[in-house]
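Here is the file model.pdb (PDB, C-alpha atoms, pLDDT in the B column).
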```pdb
ATOM      1  CA  ALA A 366    -131.440  -1.779-116.183  1.00 51.00           C
ATOM      2  CA  SER A 367    -134.602  -1.642-118.263  1.00 60.00           C
ATOM      3  CA  GLU A 368    -137.942  -0.809-116.667  1.00 65.00           C
ATOM      4  CA  ALA A 369    -140.722  -3.385-116.993  1.00 69.00           C
ATOM      5  CA  ALA A 370    -143.551  -2.246-119.212  1.00 71.00           C
ATOM      6  CA  ALA A 371    -146.825  -1.417-117.448  1.00 74.00           C
ATOM      7  CA  GLU A 372    -150.187  -0.548-118.963  1.00 74.00           C
ATOM      8  CA  LYS A 373    -151.057   3.089-118.317  1.00 74.00           C
ATOM      9  CA  MET A 374    -153.846   3.818-120.791  1.00 80.00           C
ATOM     10  CA  THR A 375    -156.275   1.893-122.990  1.00 84.00           C
ATOM     11  CA  LEU A 376    -158.671   2.968-125.744  1.00 83.00           C
ATOM     12  CA  THR A 377    -161.646   0.644-126.257  1.00 86.00           C
ATOM     13  CA  SER A 378    -163.306  -0.116-129.581  1.00 87.00           C
ATOM     14  CA  ALA A 379    -166.186   2.116-128.465  1.00 84.00           C
ATOM     15  CA  GLY A 380    -163.822   5.075-128.242  1.00 79.00           C
ATOM     16  CA  ILE A 381    -163.619   5.118-124.433  1.00 78.00           C
ATOM     17  CA  LEU A 382    -160.278   6.194-123.000  1.00 77.00           C
ATOM     18  CA  ASN A 383    -159.361   4.436-119.757  1.00 76.00           C
ATOM     19  CA  ALA A 384    -156.486   5.904-117.791  1.00 70.00           C
ATOM     20  CA  GLY A 385    -155.309   6.637-114.288  1.00 65.00           C
ATOM     21  CA  LYS A 386    -153.332   9.829-113.844  1.00 62.00           C
ATOM     22  CA  ILE A 387    -152.694  11.870-116.999  1.00 65.00           C
ATOM     23  CA  GLY A 388    -150.186  14.669-117.366  1.00 62.00           C
ATOM     24  CA  CYS A 389    -150.455  16.943-120.395  1.00 61.00           C
ATOM     25  CA  VAL A 390    -147.371  18.891-121.466  1.00 56.00           C
ATOM     26  CA  GLY A 391    -145.263  18.159-118.439  1.00 59.00           C
ATOM     27  CA  ASP A 392    -145.042  15.710-115.569  1.00 63.00           C
ATOM     28  CA  HIS A 393    -148.099  14.790-113.497  1.00 65.00           C
ATOM     29  CA  ASP A 394    -147.343  16.015-109.993  1.00 74.00           C
ATOM     30  CA  LEU A 395    -150.626  17.470-108.692  1.00 78.00           C
ATOM     31  CA  GLY A 396    -154.044  15.900-108.056  1.00 76.00           C
ATOM     32  CA  SER A 397    -155.251  12.379-108.620  1.00 73.00           C
ATOM     33  CA  GLY A 398    -156.725  12.680-112.118  1.00 79.00           C
ATOM     34  CA  LEU A 399    -155.991  14.929-115.087  1.00 82.00           C
ATOM     35  CA  HIS A 400    -153.219  17.492-114.686  1.00 83.00           C
ATOM     36  CA  VAL A 401    -152.867  19.918-117.594  1.00 84.00           C
ATOM     37  CA  LYS A 402    -149.565  21.697-117.038  1.00 83.00           C
ATOM     38  CA  THR A 403    -148.207  24.277-119.482  1.00 83.00           C
ATOM     39  CA  GLY A 404    -145.997  26.008-116.934  1.00 86.00           C
ATOM     40  CA  ASP A 405    -144.897  25.644-113.316  1.00 88.00           C
ATOM     41  CA  SER A 406    -146.937  27.779-110.868  1.00 91.00           C
ATOM     42  CA  GLY A 407    -144.584  26.942-108.017  1.00 90.00           C
ATOM     43  CA  GLN A 408    -147.442  25.448-105.961  1.00 89.00           C
ATOM     44  CA  SER A 409    -146.880  21.935-104.616  1.00 86.00           C
ATOM     45  CA  THR A 410    -149.993  21.359-102.477  1.00 86.00           C
ATOM     46  CA  LEU A 411    -153.732  21.512-103.182  1.00 86.00           C
ATOM     47  CA  PHE A 412    -156.941  21.723-101.197  1.00 85.00           C
ATOM     48  CA  GLN A 413    -158.237  18.143-100.900  1.00 80.00           C
ATOM     49  CA  THR A 414    -155.018  16.989-102.573  1.00 74.00           C
ATOM     50  CA  THR A 415    -155.997  13.382-103.285  1.00 79.00           C
ATOM     51  CA  ASP A 416    -159.519  14.329-104.402  1.00 84.00           C
ATOM     52  CA  ASN A 417    -158.569  16.785-107.147  1.00 85.00           C
ATOM     53  CA  LYS A 418    -159.548  15.116-110.430  1.00 84.00           C
ATOM     54  CA  LEU A 419    -158.684  18.099-112.643  1.00 87.00           C
ATOM     55  CA  VAL A 420    -155.816  20.545-112.207  1.00 88.00           C
ATOM     56  CA  LEU A 421    -154.979  23.298-114.714  1.00 89.00           C
ATOM     57  CA  GLU A 422    -151.562  24.840-114.153  1.00 89.00           C
ATOM     58  CA  ASP A 423    -149.352  27.462-115.743  1.00 90.00           C
ATOM     59  CA  ASP A 424    -146.804  30.012-114.622  1.00 93.00           C
ATOM     60  CA  GLY A 425    -149.012  32.842-115.950  1.00 95.00           C
ATOM     61  CA  GLU A 426    -152.742  33.318-116.432  1.00 95.00           C
ATOM     62  CA  VAL A 427    -154.991  30.240-116.681  1.00 93.00           C
ATOM     63  CA  ALA A 428    -158.410  30.045-118.319  1.00 94.00           C
ATOM     64  CA  MET A 429    -161.053  27.363-118.781  1.00 93.00           C
ATOM     65  CA  THR A 430    -163.676  27.865-121.493  1.00 93.00           C
ATOM     66  CA  MET A 431    -167.123  26.332-122.022  1.00 94.00           C
ATOM     67  CA  LEU A 432    -168.851  27.112-125.316  1.00 93.00           C
ATOM     68  CA  GLY A 433    -172.485  26.441-126.211  1.00 93.00           C
ATOM     69  CA  GLY A 434    -175.234  27.508-128.578  1.00 95.00           C
ATOM     70  CA  THR A 435    -176.690  31.019-128.431  1.00 94.00           C
ATOM     71  CA  SER A 436    -180.048  29.670-127.189  1.00 95.00           C
ATOM     72  CA  SER A 437    -178.509  27.161-124.769  1.00 95.00           C
ATOM     73  CA  GLY A 438    -176.765  27.199-121.413  1.00 94.00           C
ATOM     74  CA  ALA A 439    -173.410  26.289-119.896  1.00 95.00           C
ATOM     75  CA  HIS A 440    -173.697  24.287-116.676  1.00 95.00           C
ATOM     76  CA  ILE A 441    -171.487  23.062-113.841  1.00 94.00           C
ATOM     77  CA  CYS A 442    -173.296  20.516-111.674  1.00 94.00           C
ATOM     78  CA  MET A 443    -172.387  19.031-108.300  1.00 93.00           C
ATOM     79  CA  GLY A 444    -174.300  16.092-106.878  1.00 92.00           C
ATOM     80  CA  ALA A 445    -174.276  12.683-105.257  1.00 90.00           C
ATOM     81  CA  SER A 446    -176.136   9.387-105.474  1.00 91.00           C
ATOM     82  CA  ASP A 447    -179.402  10.909-104.230  1.00 90.00           C
ATOM     83  CA  ASP A 448    -179.328  14.095-106.354  1.00 89.00           C
ATOM     84  CA  ALA A 449    -177.381  14.516-109.582  1.00 86.00           C
ATOM     85  CA  ASP A 450    -177.521  18.329-109.471  1.00 84.00           C
ATOM     86  CA  ALA A 451    -177.844  19.244-105.806  1.00 92.00           C
ATOM     87  CA  MET A 452    -175.879  22.381-106.666  1.00 95.00           C
ATOM     88  CA  ARG A 453    -175.733  23.895-110.154  1.00 95.00           C
ATOM     89  CA  ILE A 454    -174.088  26.934-111.707  1.00 96.00           C
ATOM     90  CA  THR A 455    -175.650  27.958-115.027  1.00 96.00           C
ATOM     91  CA  TYR A 456    -174.979  30.655-117.581  1.00 97.00           C
ATOM     92  CA  ASP A 457    -178.038  31.274-119.761  1.00 96.00           C
ATOM     93  CA  MET A 458    -176.604  32.171-123.194  1.00 95.00           C
ATOM     94  CA  GLN A 459    -179.935  33.320-124.651  1.00 95.00           C
ATOM     95  CA  ASN A 460    -180.761  35.814-121.875  1.00 96.00           C
ATOM     96  CA  ASN A 461    -177.182  36.570-120.762  1.00 96.00           C
ATOM     97  CA  ARG A 462    -177.712  35.821-117.075  1.00 97.00           C
ATOM     98  CA  PHE A 463    -175.851  33.893-114.391  1.00 97.00           C
ATOM     99  CA  LEU A 464    -177.900  31.524-112.213  1.00 97.00           C
ATOM    100  CA  LEU A 465    -177.078  29.663-109.006  1.00 97.00           C
ATOM    101  CA  TYR A 466    -179.186  26.687-107.905  1.00 96.00           C
ATOM    102  CA  THR A 467    -179.320  24.522-104.780  1.00 94.00           C
ATOM    103  CA  GLU A 468    -181.726  21.609-104.279  1.00 90.00           C
ATOM    104  CA  ASP A 469    -183.027  22.103-107.852  1.00 88.00           C
ATOM    105  CA  SER A 470    -184.259  25.645-107.056  1.00 92.00           C
ATOM    106  CA  GLU A 471    -182.831  28.938-108.225  1.00 94.00           C
ATOM    107  CA  ARG A 472    -181.384  30.896-105.286  1.00 95.00           C
ATOM    108  CA  MET A 473    -179.486  33.757-106.928  1.00 97.00           C
ATOM    109  CA  ARG A 474    -179.038  35.379-110.316  1.00 98.00           C
ATOM    110  CA  ILE A 475    -177.117  38.193-111.976  1.00 98.00           C
ATOM    111  CA  ASP A 476    -179.066  39.498-114.957  1.00 97.00           C
ATOM    112  CA  ASP A 477    -177.802  41.073-118.175  1.00 96.00           C
ATOM    113  CA  ALA A 478    -177.880  44.550-116.592  1.00 96.00           C
ATOM    114  CA  GLY A 479    -175.713  43.437-113.653  1.00 97.00           C
ATOM    115  CA  LYS A 480    -178.573  43.437-111.128  1.00 97.00           C
ATOM    116  CA  VAL A 481    -178.312  40.774-108.419  1.00 97.00           C
ATOM    117  CA  GLY A 482    -181.413  38.925-107.245  1.00 96.00           C
ATOM    118  CA  ILE A 483    -181.497  36.640-104.201  1.00 95.00           C
ATOM    119  CA  GLN A 484    -184.623  34.498-103.987  1.00 91.00           C
ATOM    120  CA  THR A 485    -186.124  36.489-106.878  1.00 92.00           C
ATOM    121  CA  SER A 486    -185.965  35.878-110.626  1.00 93.00           C
ATOM    122  CA  SER A 487    -186.754  39.513-111.456  1.00 94.00           C
ATOM    123  CA  PRO A 488    -184.352  41.814-109.578  1.00 95.00           C
ATOM    124  CA  SER A 489    -185.555  45.417-109.735  1.00 95.00           C
ATOM    125  CA  ALA A 490    -182.533  46.949-107.957  1.00 95.00           C
ATOM    126  CA  TRP A 491    -178.766  46.429-108.038  1.00 95.00           C
ATOM    127  CA  LEU A 492    -179.277  44.129-105.043  1.00 94.00           C
ATOM    128  CA  HIS A 493    -182.778  42.727-104.595  1.00 94.00           C
ATOM    129  CA  VAL A 494    -183.391  40.320-101.707  1.00 91.00           C
ATOM    130  CA  SER A 495    -186.853  38.728-101.614  1.00 88.00           C
ATOM    131  CA  GLN A 496    -188.518  37.073 -98.626  1.00 81.00           C
ATOM    132  CA  SER A 497    -191.422  35.321-100.298  1.00 72.00           C
ATOM    133  CA  GLY A 498    -193.362  33.379 -97.668  1.00 66.00           C
ATOM    134  CA  ALA A 499    -191.211  34.692 -94.806  1.00 60.00           C
ATOM    135  CA  ASP A 500    -192.553  35.802 -91.431  1.00 69.00           C
ATOM    136  CA  ASP A 501    -191.541  38.684 -89.168  1.00 69.00           C
ATOM    137  CA  ASN A 502    -188.811  36.595 -87.530  1.00 73.00           C
ATOM    138  CA  ASP A 503    -186.905  35.990 -90.776  1.00 78.00           C
ATOM    139  CA  VAL A 504    -183.971  38.278 -91.568  1.00 80.00           C
ATOM    140  CA  ALA A 505    -183.501  39.306 -95.216  1.00 81.00           C
ATOM    141  CA  LEU A 506    -180.157  41.091 -94.803  1.00 84.00           C
ATOM    142  CA  LEU A 507    -177.784  41.011 -91.832  1.00 87.00           C
ATOM    143  CA  LEU A 508    -174.730  43.233 -91.325  1.00 88.00           C
ATOM    144  CA  GLU A 509    -172.759  42.026 -88.322  1.00 90.00           C
ATOM    145  CA  THR A 510    -169.569  42.782 -86.458  1.00 91.00           C
ATOM    146  CA  THR A 511    -168.278  40.238 -83.958  1.00 93.00           C
ATOM    147  CA  ASN A 512    -165.977  42.816 -82.343  1.00 92.00           C
ATOM    148  CA  THR A 513    -167.823  44.529 -79.478  1.00 90.00           C
ATOM    149  CA  ALA A 514    -165.601  47.602 -79.849  1.00 90.00           C
ATOM    150  CA  GLU A 515    -166.557  48.107 -83.507  1.00 92.00           C
ATOM    151  CA  ARG A 516    -169.710  49.157 -85.379  1.00 92.00           C
ATOM    152  CA  ALA A 517    -171.925  47.326 -87.841  1.00 94.00           C
ATOM    153  CA  ARG A 518    -172.047  50.042 -90.488  1.00 92.00           C
ATOM    154  CA  MET A 519    -173.626  50.790 -93.858  1.00 92.00           C
ATOM    155  CA  GLU A 520    -172.961  53.912 -95.927  1.00 92.00           C
ATOM    156  CA  LEU A 521    -174.748  55.792 -98.722  1.00 92.00           C
ATOM    157  CA  LYS A 522    -172.571  57.642-101.221  1.00 90.00           C
ATOM    158  CA  HIS A 523    -173.358  60.154-103.967  1.00 88.00           C
ATOM    159  CA  PRO A 524    -170.730  61.908-106.130  1.00 87.00           C
ATOM    160  CA  SER A 525    -172.324  65.340-105.562  1.00 88.00           C
ATOM    161  CA  ALA A 526    -172.992  65.019-101.819  1.00 84.00           C
ATOM    162  CA  GLY A 527    -169.423  65.730-100.763  1.00 82.00           C
ATOM    163  CA  ARG A 528    -169.617  63.122 -98.019  1.00 85.00           C
ATOM    164  CA  ASN A 529    -170.988  59.682 -97.233  1.00 91.00           C
ATOM    165  CA  TYR A 530    -173.984  59.189 -94.967  1.00 93.00           C
ATOM    166  CA  SER A 531    -173.931  56.354 -92.494  1.00 93.00           C
ATOM    167  CA  MET A 532    -176.301  54.064 -90.634  1.00 94.00           C
ATOM    168  CA  ASN A 533    -174.436  52.238 -87.912  1.00 93.00           C
ATOM    169  CA  LEU A 534    -174.982  50.175 -84.776  1.00 93.00           C
ATOM    170  CA  ASN A 535    -172.788  49.877 -81.713  1.00 91.00           C
ATOM    171  CA  SER A 536    -173.275  48.919 -78.077  1.00 90.00           C
ATOM    172  CA  SER A 537    -175.187  52.148 -77.271  1.00 89.00           C
ATOM    173  CA  GLY A 538    -177.755  51.864 -80.072  1.00 91.00           C
ATOM    174  CA  MET A 539    -178.555  52.762 -83.675  1.00 94.00           C
ATOM    175  CA  HIS A 540    -176.990  55.917 -85.123  1.00 94.00           C
ATOM    176  CA  PHE A 541    -177.386  57.983 -88.287  1.00 95.00           C
ATOM    177  CA  GLY A 542    -174.826  60.516 -89.440  1.00 93.00           C
ATOM    178  CA  ASP A 543    -172.077  61.191 -91.956  1.00 91.00           C
ATOM    179  CA  THR A 544    -168.443  60.171 -92.218  1.00 85.00           C
ATOM    180  CA  SER A 545    -167.300  63.079 -90.032  1.00 86.00           C
ATOM    181  CA  THR A 546    -170.027  62.697 -87.368  1.00 89.00           C
ATOM    182  CA  LEU A 547    -171.359  59.184 -87.134  1.00 90.00           C
ATOM    183  CA  GLU A 548    -173.848  59.941 -84.352  1.00 91.00           C
ATOM    184  CA  VAL A 549    -176.238  62.784 -85.346  1.00 91.00           C
ATOM    185  CA  PHE A 550    -179.605  61.074 -84.942  1.00 92.00           C
ATOM    186  CA  ASN A 551    -179.515  58.278 -82.375  1.00 94.00           C
ATOM    187  CA  ILE A 552    -181.898  55.564 -81.199  1.00 94.00           C
ATOM    188  CA  SER A 553    -181.315  53.839 -77.881  1.00 92.00           C
ATOM    189  CA  GLY A 554    -184.024  51.359 -76.957  1.00 91.00           C
ATOM    190  CA  SER A 555    -187.293  53.302 -77.555  1.00 92.00           C
ATOM    191  CA  ASP A 556    -185.659  56.733 -77.031  1.00 93.00           C
ATOM    192  CA  CYS A 557    -184.518  59.055 -79.859  1.00 94.00           C
ATOM    193  CA  GLY A 558    -181.860  61.707 -79.674  1.00 92.00           C
ATOM    194  CA  ILE A 559    -180.775  64.490 -82.019  1.00 92.00           C
ATOM    195  CA  GLY A 560    -177.252  65.625 -81.243  1.00 89.00           C
ATOM    196  CA  ILE A 561    -177.434  63.405 -78.129  1.00 88.00           C
ATOM    197  CA  THR A 562    -175.596  60.088 -78.219  1.00 87.00           C
ATOM    198  CA  THR A 563    -177.548  58.503 -75.346  1.00 86.00           C
ATOM    199  CA  PRO A 564    -181.067  60.040 -75.235  1.00 89.00           C
ATOM    200  CA  HIS A 565    -183.019  60.068 -71.962  1.00 89.00           C
ATOM    201  CA  GLY A 566    -186.538  60.463 -73.326  1.00 91.00           C
ATOM    202  CA  LYS A 567    -188.763  59.599 -76.261  1.00 94.00           C
ATOM    203  CA  LEU A 568    -187.274  62.636 -78.039  1.00 92.00           C
ATOM    204  CA  HIS A 569    -184.146  64.248 -76.635  1.00 92.00           C
ATOM    205  CA  ILE A 570    -182.738  67.226 -78.588  1.00 90.00           C
ATOM    206  CA  GLN A 571    -179.427  68.841 -77.778  1.00 88.00           C
ATOM    207  CA  GLU A 572    -179.874  72.413 -76.491  1.00 81.00           C
ATOM    208  CA  GLY A 573    -179.457  75.080 -79.136  1.00 74.00           C
ATOM    209  CA  SER A 574    -179.404  72.596 -82.014  1.00 63.00           C
ATOM    210  CA  TYR A 575    -182.914  73.006 -83.422  1.00 67.00           C
ATOM    211  CA  ALA A 576    -184.899  75.542 -85.412  1.00 66.00           C
ATOM    212  CA  LEU A 577    -188.621  76.076 -86.016  1.00 62.00           C
ATOM    213  CA  ASP A 578    -189.850  77.511 -89.344  1.00 62.00           C
ATOM    214  CA  GLY A 579    -186.262  78.189 -90.303  1.00 55.00           C
ATOM    215  CA  LYS A 580    -185.613  80.404 -87.265  1.00 51.00           C
TER
END
```

Just dump the structure as structure tokens.
Amino acid sequence: ASEAAAEKMTLTSAGILNAGKIGCVGDHDLGSGLHVKTGDSGQSTLFQTTDNKLVLEDDGEVAMTMLGGTSSGAHICMGASDDADAMRITYDMQNNRFLLYTEDSERMRIDDAGKVGIQTSSPSAWLHVSQSGADDNDVALLLETTNTAERARMELKHPSAGRNYSMNLNSSGMHFGDTSTLEVFNISGSDCGIGITTPHGKLHIQEGSYALDGK
């Protein structure tokens, strides 16, 4: 039996292509818009399946390219009826920097040297977090563990040091040490301890662990 013809795509005199689902090089089986398929990835479901308007698929590597002028930018914008670019990702071709915007304001950038700036357009370190206009109650950087048996920990590493040095926080207080001894200098409340994990005074030094004038 023959199948009745049905209109799937139209091209207007103005050059506008009207179509529903489009499959390029293969059957359309993912998303609700354009599916460019040059190989089968083996995936049959998508996040927000019915809302995916563009799906690029292959059984190997997949790339999407945006090209612009050397003094221009490449942009991906996300918005709604009240704000056409509520969120924007921009690559500045002229200055070779990556920019991230929300609510029409730049929030983060990666410059041409690889330095990351958050709330600053001029990062002066590999990670530069700025608190312009903030008060004492605002937190610029938070390292957190939700496991009460673990530590919130940050390490410093140098190729010639032979070890990493650590700043870490657990239920007993703040500790400074290295990877072999995490608790060398310790702060518990307003008390400080050297060689003492839980100090019992403003300065509590473990017996036999200090020297004066190198003696």

Using the chain letters and numbers from this file, what does the PyMOL selection byres ((chain A and resi 465) around 12) select? Give the answer as a PyMOL selection string. chain A and resi 439-443+450-457+462-464+466-476+481-486

As JSON, please: the centre and edge lengths in Å, to one decimal, of an axis-aligned box enclosing every listed atom of region 398-413 of chain A with 4 Å added on each side.
```
{"center_x": -151.4, "center_y": 20.2, "center_z": -110.2, "size_x": 21.7, "size_y": 23.1, "size_z": 26.6}
```

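The space separating CA of Asn533 (chain A) from CA of Gly560 (chain A) comes to 15.2 Å.
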
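Of note, CA of Val549 (chain A) and CA of Leu521 (chain A) are spaced 15.2 Å apart.
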
For the PyMOL selection byres ((chain A and resi 568-573) around 8), applied here, can you spell out every residue it catches as a PDB file with C-alpha atoms, in the frame of the given file?
```pdb
ATOM      1  CA  ASP A 556    -185.659  56.733 -77.031  1.00 93.00           C
ATOM      2  CA  CYS A 557    -184.518  59.055 -79.859  1.00 94.00           C
ATOM      3  CA  GLY A 558    -181.860  61.707 -79.674  1.00 92.00           C
ATOM      4  CA  ILE A 559    -180.775  64.490 -82.019  1.00 92.00           C
ATOM      5  CA  GLY A 560    -177.252  65.625 -81.243  1.00 89.00           C
ATOM      6  CA  ILE A 561    -177.434  63.405 -78.129  1.00 88.00           C
ATOM      7  CA  PRO A 564    -181.067  60.040 -75.235  1.00 89.00           C
ATOM      8  CA  HIS A 565    -183.019  60.068 -71.962  1.00 89.00           C
ATOM      9  CA  GLY A 566    -186.538  60.463 -73.326  1.00 91.00           C
ATOM     10  CA  LYS A 567    -188.763  59.599 -76.261  1.00 94.00           C
ATOM     11  CA  SER A 574    -179.404  72.596 -82.014  1.00 63.00           C
ATOM     12  CA  TYR A 575    -182.914  73.006 -83.422  1.00 67.00           C
TER      13      TYR A 575
END
```

What's around Glu426 (chain A) at 10 Å? Count all atoms listed in the file, leave out sequence neighbours fewer than 3 positions away in its own chain, and write the answer as a VMD selection string. chain A and resid 404 406 422 to 423

One decimal place gives the CA of Gly542 (chain A)-CA of Leu508 (chain A) separation as 17.4 Å

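Shell of region 536-540 of chain A at 10 Å, with all atoms listed in the file counted and residues fewer than 5 places along the chain excluded, is Thr513, Ala514, Glu515, Arg516, Ala517, Arg518, Ser531, Thr546, Leu547, Glu548, Val549, Phe550, Asn551, Ile552, Ser553, Gly554, Ser555, Asp556, Cys557, Gly558, Ile559, Thr562 and Thr563 of chain A.
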
Within 7 Å of Leu419 (chain A), counting all atoms listed in the file, which residues qualify if same-chain residues fewer than 6 places away don't, as a ChimeraX atom specification? /A:396,398-400

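Take the candidates A:Thr510, A:Asp477, A:Asn461, A:Asp543 and check each one against Lys522 (chain A) using all atoms listed in the file; the shortest distance goes to A:Asp543.
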
Can you spell out as a list in words the set of residues that the PyMOL selection byres ((chain A and resi 373) around 8) selects in the structure I just provided? Ala371, Glu372, Met374, Thr375, Ala384 and Gly385 of chain A
